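Take a look at the structure below.
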Amino acid sequence: MKIFTKKAPLEAYLSKEKLNGKSIGFTPTMGALHEGHLSLIATAQKNSDLVVVSIFVNPTQFDKEEDLINYPKTFETDKRYLENISCDVLFYPDVAEIYKNGIRSESFNFDGLDHKMEGQFRKGHFNGVGTIVKTLFQIVNPDTAYFGQKDFQQLQIIKKMVKNHNLNLEIEGCPIFREKDGLAMSSRNIRLEEKHRIAAPFIYQTLKEAQHQFLKDTPNEVSLRVTEQFKNHPLLELEYFTIAEEETLETIKTKENNKKYRAFIAVFAGNIRLIDNIKLKHS
Ligand code: PAF
């Protein structure tokens with residue numbers, strides 16, 4: 001595996017490979033790699049000639065300094081994982097290499113997708129994501145980039161950015177990877193206290209029940225039940241639960257036949273914030 005910490009030599013290397021006719025798949029990450037990331041990389045490997053993974057803990061997407069400081073950093077283990085799965089290229093820049101003109105976000109128009117759900121609780125988060133993802137796309141110039149559906153709102157926002165900025169690449173959303181007990185894989189899971197880790201599968205159980213209930217009940221009835229279930233939970237605190245349309249991320253009041261919906265949830269387990277979502281079927 002080739003490792004680059006500077007963008008100029010990476011750009012030179014990748015443009016040569018592109019001239020040689022190679023297609024490039026790209027998986028941007030913030031490290032602390034888990035099987036969810038590895039599945040994104042495996043999909044990229046299946047679909048492209050050359051796969052680039054980036055590891056960069058992006059400061060502009062953290063709304064809380066404490067969260068940035070505590071974000072797990074496991075570079076040596078990550079590097080070994082990537083070597084074991086024969087990843088072609090790892091890009092591991094430092095903050096100064098990416099933010100040459102100061103650590104700040106560009107301001108994006110995501111047509112309102114960023115005002116909902118995560119956007120209401122994490123101010124500036126999606127401008128930070130847009131800034132780093134666009135920068136990385138400019139450096140790597142991939143044919144396809146792969147993102148997990150766990151961060152479904154992020155995925156839709158990145159698709160929107162690609163469309164609005166006429167970026168020349170495909171975005172592929174990949175299924176959520178779960179632990180055996182249903183907890184969605186996340187780099188944050190390793191920071192959970194044992195009691196919270198034991199309690200956390202309740203989130204997915206609740207989503208599964210909501211999925212079932214949505215077949216017969218209204219979105220509001222489903223939301224009320226979920227809120228009720230979390231009310232008395234001793235360890236998990238619900239931040240939001242909403243049922244929204246996949247494209248617009250608009251919370252819905254009624255179901256329409258030809259629309260696609262998902263239930264979205266954010267929960268605090270101690271001071272670790274976990275998000276998850278599930279596809280809903282109806283009629
Ligand atoms: O999903 C993530 O890990 C990050 O938000 C991303 C896309 C790598 C940007 O920093």
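By order of appearance in the structure tokens: chains A, B, ..., then residues from 1 within every chain, and ligands from 1 in the order shown.
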
Query - Sel. of alpha helix (DSSP H) residues, segment 78-219 of chain A, as number ranges by chain - result: A: 78-84, 95-98, 118-121, 125-140, 152-164, 194-199, 202-213, 219

Query raised in the report: Taking only C-alpha atoms and all ligand atoms into account, which residues are within 9 Å of ligand 1, as a PyMOL selection string?
Result: chain A and resi 27-31+37+54-61+125-126+128-133+147-148+150-151+154-155+158+187

Report task. Output as a list in words all residues of segment 71-200 of chain A that backbone DSSP marks as strand (DSSP E or B). Result ->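 Those in segment 71-200 of chain A that DSSP calls strand (DSSP E or B) are Val89, Leu90, Phe91, Thr144, Ala145, Tyr146, Phe147, Gly148, Glu170, Ile171, Glu172, Gly173, Cys174, Arg178 and Ala184 of chain A.
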
How about saving the chosen residues, C-alpha atoms kept, as a PDB file, in the first residue's frame?
```
ATOM      1  CA  VAL A  89      -3.463   3.985  -1.520  1.00  0.00           C
ATOM      2  CA  LEU A  90      -3.832   5.622   1.885  1.00  0.00           C
ATOM      3  CA  PHE A  91      -3.997   9.400   2.113  1.00  0.00           C
ATOM      4  CA  THR A 144     -16.883   6.811  -7.567  1.00  0.00           C
ATOM      5  CA  ALA A 145     -16.896   7.597  -3.851  1.00  0.00           C
ATOM      6  CA  TYR A 146     -18.476   5.319  -1.253  1.00  0.00           C
ATOM      7  CA  PHE A 147     -20.365   6.405   1.872  1.00  0.00           C
ATOM      8  CA  GLY A 148     -22.280   4.455   4.505  1.00  0.00           C
ATOM      9  CA  GLU A 170     -20.671   8.997  -8.792  1.00  0.00           C
ATOM     10  CA  ILE A 171     -21.707   8.669  -5.156  1.00  0.00           C
ATOM     11  CA  GLU A 172     -22.612   5.222  -3.913  1.00  0.00           C
ATOM     12  CA  GLY A 173     -24.424   4.664  -0.623  1.00  0.00           C
ATOM     13  CA  CYS A 174     -23.659   1.331   1.043  1.00  0.00           C
ATOM     14  CA  ARG A 178     -24.304  -3.854  12.423  1.00  0.00           C
ATOM     15  CA  ALA A 184     -24.916   0.122  14.001  1.00  0.00           C
TER      16      ALA A 184
END
```

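Shortest atom-to-atom contact with Leu136 of chain A among A:Glu193, A:Glu97, A:Glu179, A:Asp63: A:Glu97, counting only C-alpha atoms.
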
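Closest approach to His115 of chain A among A:Lys6, A:Glu194, A:Arg80, A:Asn127 is made by A:Asn127 (distances from only C-alpha atoms).
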
Query raised in the report: Neighbours of Phe4 of chain A within 12 Å (only C-alpha atoms; same-chain residues fewer than 3 positions away dropped), as number ranges by chain?
Result: A: 1, 7-14, 52-55, 88-94, 97, 139-140

Write the residues of the selection above to a file with N, CA and C atoms, as a short mmCIF file (atom, residue, chain, number, x, y, z; two decimals), in the first residue's frame.
```cif
data_model
loop_
_atom_site.label_atom_id
_atom_site.label_comp_id
_atom_site.auth_asym_id
_atom_site.auth_seq_id
_atom_site.Cartn_x
_atom_site.Cartn_y
_atom_site.Cartn_z
N MET A 1 0.84 -1.19 0.00
CA MET A 1 0.00 0.00 0.00
C MET A 1 0.89 1.25 0.00
N LYS A 7 -0.60 16.33 -0.56
CA LYS A 7 -1.53 16.17 -1.68
C LYS A 7 -0.84 16.21 -3.06
N ALA A 8 0.21 17.01 -3.22
CA ALA A 8 0.82 17.15 -4.56
C ALA A 8 1.30 15.79 -5.10
N PRO A 9 2.11 15.03 -4.33
CA PRO A 9 2.54 13.74 -4.89
C PRO A 9 1.38 12.76 -5.11
N LEU A 10 0.36 12.86 -4.26
CA LEU A 10 -0.81 11.97 -4.46
C LEU A 10 -1.52 12.33 -5.77
N GLU A 11 -1.71 13.64 -5.98
CA GLU A 11 -2.38 14.08 -7.22
C GLU A 11 -1.58 13.62 -8.44
N ALA A 12 -0.25 13.77 -8.36
CA ALA A 12 0.60 13.39 -9.49
C ALA A 12 0.48 11.89 -9.75
N TYR A 13 0.52 11.11 -8.67
CA TYR A 13 0.44 9.65 -8.81
C TYR A 13 -0.90 9.23 -9.42
N LEU A 14 -1.99 9.82 -8.88
CA LEU A 14 -3.32 9.39 -9.33
C LEU A 14 -3.62 9.85 -10.76
N VAL A 52 -8.54 4.29 -3.17
CA VAL A 52 -7.90 5.24 -2.26
C VAL A 52 -8.77 5.35 -1.00
N VAL A 53 -8.12 5.26 0.15
CA VAL A 53 -8.81 5.52 1.43
C VAL A 53 -8.12 6.73 2.06
N SER A 54 -8.92 7.66 2.58
CA SER A 54 -8.29 8.76 3.32
C SER A 54 -8.64 8.62 4.80
N ILE A 55 -7.68 8.98 5.64
CA ILE A 55 -7.93 9.07 7.08
C ILE A 55 -7.60 10.50 7.48
N ASP A 88 -4.97 0.00 -2.05
CA ASP A 88 -3.88 0.47 -2.89
C ASP A 88 -3.19 1.71 -2.32
N VAL A 89 -4.03 2.69 -1.91
CA VAL A 89 -3.46 3.98 -1.52
C VAL A 89 -4.13 4.48 -0.24
N LEU A 90 -3.31 4.95 0.69
CA LEU A 90 -3.83 5.62 1.89
C LEU A 90 -3.37 7.07 1.86
N PHE A 91 -4.32 7.98 2.00
CA PHE A 91 -4.00 9.40 2.11
C PHE A 91 -4.20 9.80 3.57
N TYR A 92 -3.15 10.28 4.21
CA TYR A 92 -3.18 10.57 5.65
C TYR A 92 -2.55 11.95 5.89
N PRO A 93 -3.25 12.99 5.49
CA PRO A 93 -2.68 14.34 5.61
C PRO A 93 -2.85 14.88 7.03
N ASP A 94 -2.09 15.91 7.38
CA ASP A 94 -2.38 16.58 8.66
C ASP A 94 -3.24 17.82 8.37
N GLU A 97 -1.95 20.55 6.04
CA GLU A 97 -1.91 20.20 4.62
C GLU A 97 -3.27 20.45 3.94
N ILE A 139 -8.72 16.54 -4.73
CA ILE A 139 -7.37 15.96 -4.68
C ILE A 139 -7.35 14.57 -5.35
N VAL A 140 -8.34 13.75 -4.98
CA VAL A 140 -8.31 12.33 -5.42
C VAL A 140 -8.91 12.17 -6.83
#
```

List every residue of segment 84-194 of chain A that has an atom at most 8 Å from any atom of segment 201-211 of chain A, and for each one report the closest atom pair and its distance in Å to one decimal, counting only C-alpha atoms, with rows sorted by chain and then by increasing residue number, as JSON lines.
```
{"residue": "A:Asp181", "atom": "CA", "partner": "A:Pro201", "partner_atom": "CA", "distance": 6.0}
{"residue": "A:Gly182", "atom": "CA", "partner": "A:Pro201", "partner_atom": "CA", "distance": 5.6}
{"residue": "A:Leu183", "atom": "CA", "partner": "A:Pro201", "partner_atom": "CA", "distance": 4.8}
{"residue": "A:Ala184", "atom": "CA", "partner": "A:Tyr204", "partner_atom": "CA", "distance": 7.7}
```

Selection export as an mmCIF file, in the first residue's frame, atoms kept: all heavy atoms:
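This is the output file part31.cif:
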```cif
data_model
loop_
_atom_site.group_PDB
_atom_site.id
_atom_site.type_symbol
_atom_site.label_atom_id
_atom_site.label_comp_id
_atom_site.auth_asym_id
_atom_site.auth_seq_id
_atom_site.Cartn_x
_atom_site.Cartn_y
_atom_site.Cartn_z
ATOM 1 N N ASP A 181 -25.514 -7.824 17.852
ATOM 2 C CA ASP A 181 -26.702 -7.453 18.632
ATOM 3 C C ASP A 181 -27.477 -6.291 18.001
ATOM 4 O O ASP A 181 -28.402 -5.760 18.602
ATOM 5 C CB ASP A 181 -26.311 -7.115 20.076
ATOM 6 C CG ASP A 181 -25.274 -5.989 20.162
ATOM 7 O OD1 ASP A 181 -25.080 -5.275 19.159
ATOM 8 O OD2 ASP A 181 -24.673 -5.830 21.234
ATOM 9 N N GLY A 182 -27.110 -5.879 16.805
ATOM 10 C CA GLY A 182 -27.903 -4.891 16.069
ATOM 11 C C GLY A 182 -27.358 -3.471 16.120
ATOM 12 O O GLY A 182 -27.769 -2.629 15.321
ATOM 13 N N LEU A 183 -26.451 -3.186 17.036
ATOM 14 C CA LEU A 183 -25.926 -1.813 17.120
ATOM 15 C C LEU A 183 -25.204 -1.451 15.817
ATOM 16 O O LEU A 183 -24.347 -2.203 15.341
ATOM 17 C CB LEU A 183 -24.961 -1.697 18.317
ATOM 18 C CG LEU A 183 -24.274 -0.336 18.472
ATOM 19 C CD1 LEU A 183 -25.285 0.774 18.758
ATOM 20 C CD2 LEU A 183 -23.221 -0.387 19.579
ATOM 21 N N ALA A 184 -25.565 -0.308 15.249
ATOM 22 C CA ALA A 184 -24.916 0.122 14.001
ATOM 23 C C ALA A 184 -23.440 0.386 14.271
ATOM 24 O O ALA A 184 -23.090 1.032 15.272
ATOM 25 C CB ALA A 184 -25.591 1.390 13.486
#
```

Report task. Write out as a ChimeraX atom specification each polymer residue whose atoms come within 10 Å of Asn109 of chain A, counting only C-alpha atoms; drop sequence neighbours fewer than 2 positions from it. Result -> /A:107,111-114,127,130,157,160-161,164-165
